[in-house]
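*Asks:* One structure, pasted below without further comment.
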Amino acid sequence: MENPYIKQFPQLMAGKKILYVHGFASSGQSGTVSRMRTVMPQATVIAPDLPLHPQEAIDLLWRVCQQEQPHLIVGTSMGGMYTEMLRGYDRIMVNPALQMGDTMVSHNMMGAQHFQNPRQDGVQDFIVTKALVKEYKEITTHCFEGIDEDERRRVTGLFGDEDTTVDTFDLFHRHYPRAIRFHGEHRMDDRSFMQSVLPVIRWVDDCQEQRSRPVILVAFESLIDSWGKARGSAQKAYRWLAETYSLYIVAPSLPNEPAQMGEVTRWVEQYINVPAWGRIIFTAHKQLLLGDYLIDPAADSELGGFMGTHIRLGDDTFKTWDEVITFFERLGGQ
């Protein structure tokens, strides 16, 4: 059966190296590694099996970094904890276990354990002792050491809003500004990867390449229906357009009603989520914004002064978001 979420992006991170750092009791043969290689076939995904002892693991990762010079490091759970320490690289941390020793205790990880994925050394079983937990508690004391402004710009943390295993959002956010909640659990699946992790990888790739994309301004009114839900096909269209264009949501600026502005932000977090993070513009004069396109149900007469192309959602040409998708398909990214 065809996977409804997974699709390939041959140009994404093409010719670049991605270091993936796996979670506890996993290996470099995890499903996430296969997923990344399928979605980004022109990238090289490096995924070593990590030693059980944390100092050995971080030493190995530094050797790999020095040898391979990855363009991006992605770490999940325990791997997110190690990823935080690999300074000097663009990094994405997904549900990072930044207090790994405490997590091992609180989730009863003591005693005999079994690796969830095959490992190159053939080992499948291991034992978590009090001494090992102490090692993990010691290694995590080195998180956030020596962070400067450059490091803060190079790191993104993604935190599942249904994660019942680890919640280090507040701890992370005290040190790094780009902390984002996504819809998902602790273990990453196809949907959370495609809708939450991949947009961040795209941002990193664009930044590294100094790539600019055509800008689409999306009026908030065009996304929401009369019941306060997402308008039909709006979510699908937004995510599809975000693969090719730079999207910004434009909402009314209401200085006397900050609560309503907060409602807009919460709505966007619920229905659009990661692709719209940091991309809401509050203004009372959207017609003065610079953009290539503006998707807005307002009449042309209400948008006098906008210099780009006005796509009036709801008129005879663009009755629904499906017609908008068709229009941009024909443009081919222009």
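Chains: A, B, ... in order of the structure tokens. Residues: from 1 per chain. Ligands: from 1, in order shown.
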Could you name the residues that touch range 34-40 of chain A at 9 Å or less, counting only C-alpha atoms, but leaving out those on the same chain fewer than 6 positions away, as a PyMOL selection string?
*Replies:* chain A and resi 6-14+190+193-194
*Asks:* Restricted to C-alpha atoms, what would the selected residues look like written as an mmCIF file, in the first residue's frame?
*Replies:*
data_model
loop_
_atom_site.group_PDB
_atom_site.id
_atom_site.type_symbol
_atom_site.label_atom_id
_atom_site.label_comp_id
_atom_site.auth_asym_id
_atom_site.auth_seq_id
_atom_site.Cartn_x
_atom_site.Cartn_y
_atom_site.Cartn_z
ATOM 1 C CA ILE A 6 6.155 9.751 2.589
ATOM 2 C CA LYS A 7 7.309 11.416 -0.619
ATOM 3 C CA GLN A 8 10.721 12.126 -2.076
ATOM 4 C CA PHE A 9 12.473 15.478 -2.332
ATOM 5 C CA PRO A 10 15.554 14.772 -4.472
ATOM 6 C CA GLN A 11 16.888 18.333 -4.265
ATOM 7 C CA LEU A 12 16.568 18.654 -0.493
ATOM 8 C CA MET A 13 20.023 18.514 1.152
ATOM 9 C CA ALA A 14 21.342 17.166 -2.175
ATOM 10 C CA ASP A 190 6.024 9.150 9.152
ATOM 11 C CA PHE A 193 8.608 13.533 10.394
ATOM 12 C CA MET A 194 7.063 14.855 7.193
#
*Asks:* Using DSSP secondary structure from the backbone, list all strand (DSSP E) positions within range 16-240 of chain A, as an MDAnalysis selection string.
*Replies:* chainID A and resid 17:21 44:46 72:76 91:94 111:114 125:128 155:160 179:182 215:219
*Asks:* Choose the residue, out of A:Leu72, A:Asp167, A:Val33, A:Leu52, that has the smallest atom-to-atom separation from Gln99 in chain A; count only C-alpha atoms.
*Replies:* A:Asp167
*Asks:* Please identify the helix (DSSP H, G or I) residues within range 19-183 of chain A (assignment by DSSP from backbone atoms) and present them as a ChimeraX atom specification.
*Replies:* /A:31-39,54-68,78-85,100-106,130-142,149-154,169-173
*Asks:* Could you take the residues named above and write them with C-alpha atoms, as a compact mmCIF listing (two decimals), in the first residue's frame?
*Replies:*
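Full text of part00.txt as output:
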# COMPACT_ATOMS: atom_id res chain seq x y z
CA GLY A 31 13.10 3.43 10.98
CA THR A 32 13.98 7.11 11.14
CA VAL A 33 17.20 6.49 9.21
CA SER A 34 15.33 4.59 6.48
CA ARG A 35 12.74 7.38 6.36
CA MET A 36 15.39 10.08 5.93
CA ARG A 37 17.17 8.17 3.18
CA THR A 38 13.92 7.62 1.31
CA VAL A 39 12.74 11.23 1.56
CA PRO A 54 27.80 7.97 27.30
CA GLN A 55 31.38 9.21 27.29
CA GLU A 56 32.28 6.59 24.69
CA ALA A 57 29.25 7.67 22.66
CA ILE A 58 30.07 11.38 22.65
CA ASP A 59 33.72 10.63 21.83
CA LEU A 60 32.58 8.53 18.85
CA LEU A 61 30.24 11.26 17.64
CA TRP A 62 32.99 13.87 17.78
CA ARG A 63 35.26 11.59 15.72
CA VAL A 64 32.49 11.13 13.15
CA CYS A 65 31.94 14.89 12.99
CA GLN A 66 35.63 15.56 12.49
CA GLN A 67 35.89 12.92 9.76
CA GLU A 68 32.63 13.58 7.92
CA MET A 78 18.82 10.45 24.00
CA GLY A 79 20.39 11.31 20.64
CA GLY A 80 19.01 14.82 21.08
CA MET A 81 20.98 15.12 24.31
CA TYR A 82 24.20 14.19 22.51
CA THR A 83 23.32 16.45 19.59
CA GLU A 84 23.09 19.48 21.88
CA MET A 85 26.74 18.95 22.82
CA MET A 100 18.74 11.30 30.51
CA GLY A 101 19.81 9.90 33.88
CA ASP A 102 16.61 11.10 35.55
CA THR A 103 14.55 9.76 32.62
CA MET A 104 16.09 6.30 33.05
CA VAL A 105 15.08 6.26 36.70
CA SER A 106 11.58 7.69 36.27
CA LYS A 130 23.07 2.28 38.90
CA ALA A 131 26.61 3.03 37.79
CA LEU A 132 25.44 3.51 34.19
CA VAL A 133 22.65 5.84 35.30
CA LYS A 134 25.25 7.85 37.22
CA GLU A 135 27.30 8.14 34.01
CA TYR A 136 24.31 9.56 32.16
CA LYS A 137 23.57 12.02 34.95
CA GLU A 138 27.18 13.17 34.78
CA ILE A 139 27.22 13.62 30.99
CA THR A 140 24.07 15.75 31.01
CA THR A 141 25.72 18.28 33.33
CA HIS A 142 27.68 19.35 30.25
CA GLU A 149 24.67 33.68 19.96
CA ASP A 150 25.85 31.74 16.91
CA GLU A 151 24.98 28.47 18.61
CA ARG A 152 21.54 29.76 19.54
CA ARG A 153 20.84 30.47 15.87
CA ARG A 154 21.99 27.03 14.73
CA PHE A 169 10.77 22.10 26.45
CA ASP A 170 11.19 24.68 29.22
CA LEU A 171 14.77 23.63 29.95
CA PHE A 172 15.69 23.85 26.27
CA HIS A 173 13.88 27.16 25.78
*Asks:* Considering only C-alpha atoms, can you say which of A:Thr156, A:Val123, A:Gln116, A:Tyr5 comes closest to Arg239 in chain A?
*Replies:* A:Tyr5
*Asks:* With only C-alpha atoms as the counted atoms, please give the residues lying no more than 7 Å from Leu217 in chain A, apart from itself and same-chain residues fewer than 4 positions off, as a PyMOL selection string.
*Replies:* chain A and resi 247-250+291+293-295
*Asks:* Output N, CA and C atoms of each residue in that selection to a file, as a PDB file, in the first residue's frame.
*Replies:*
ATOM      1  N   LEU A 247       6.060  31.008   2.975  1.00  0.00           N
ATOM      2  CA  LEU A 247       4.708  31.391   3.349  1.00  0.00           C
ATOM      3  C   LEU A 247       4.700  32.189   4.650  1.00  0.00           C
ATOM      4  N   TYR A 248       3.842  33.203   4.690  1.00  0.00           N
ATOM      5  CA  TYR A 248       3.627  33.978   5.906  1.00  0.00           C
ATOM      6  C   TYR A 248       2.128  34.187   6.083  1.00  0.00           C
ATOM      7  N   ILE A 249       1.646  33.970   7.286  1.00  0.00           N
ATOM      8  CA  ILE A 249       0.243  34.205   7.589  1.00  0.00           C
ATOM      9  C   ILE A 249       0.080  35.650   8.057  1.00  0.00           C
ATOM     10  N   VAL A 250      -0.863  36.344   7.452  1.00  0.00           N
ATOM     11  CA  VAL A 250      -1.097  37.745   7.770  1.00  0.00           C
ATOM     12  C   VAL A 250      -2.415  37.864   8.526  1.00  0.00           C
ATOM     13  N   GLY A 291       5.357  41.009  -1.097  1.00  0.00           N
ATOM     14  CA  GLY A 291       5.197  39.592  -1.368  1.00  0.00           C
ATOM     15  C   GLY A 291       4.888  39.397  -2.833  1.00  0.00           C
ATOM     16  N   TYR A 293       2.717  36.989  -3.880  1.00  0.00           N
ATOM     17  CA  TYR A 293       1.300  36.644  -3.974  1.00  0.00           C
ATOM     18  C   TYR A 293       0.635  36.937  -2.628  1.00  0.00           C
ATOM     19  N   LEU A 294      -0.647  37.273  -2.689  1.00  0.00           N
ATOM     20  CA  LEU A 294      -1.453  37.431  -1.486  1.00  0.00           C
ATOM     21  C   LEU A 294      -2.750  36.647  -1.679  1.00  0.00           C
ATOM     22  N   ILE A 295      -2.944  35.619  -0.846  1.00  0.00           N
ATOM     23  CA  ILE A 295      -4.180  34.846  -0.887  1.00  0.00           C
ATOM     24  C   ILE A 295      -5.109  35.440   0.157  1.00  0.00           C
TER      25      ILE A 295
END
*Asks:* Just give me the gap between CA of Val218 in chain A and CA of Ala179 in chain A in Å, one decimal is fine.
*Replies:*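 Distance reported for this atom pair: 23.5 Å.
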*Asks:* Leaving out Tyr238 in chain A and any residue of its chain fewer than 3 positions from it, which residues lie within 12 Å of it when counting only C-alpha atoms, given as a ChimeraX atom specification?
*Replies:* /A:195,199,216-220,222-223,230-235,241-249,268,271-276,295,321-322,324-325,328
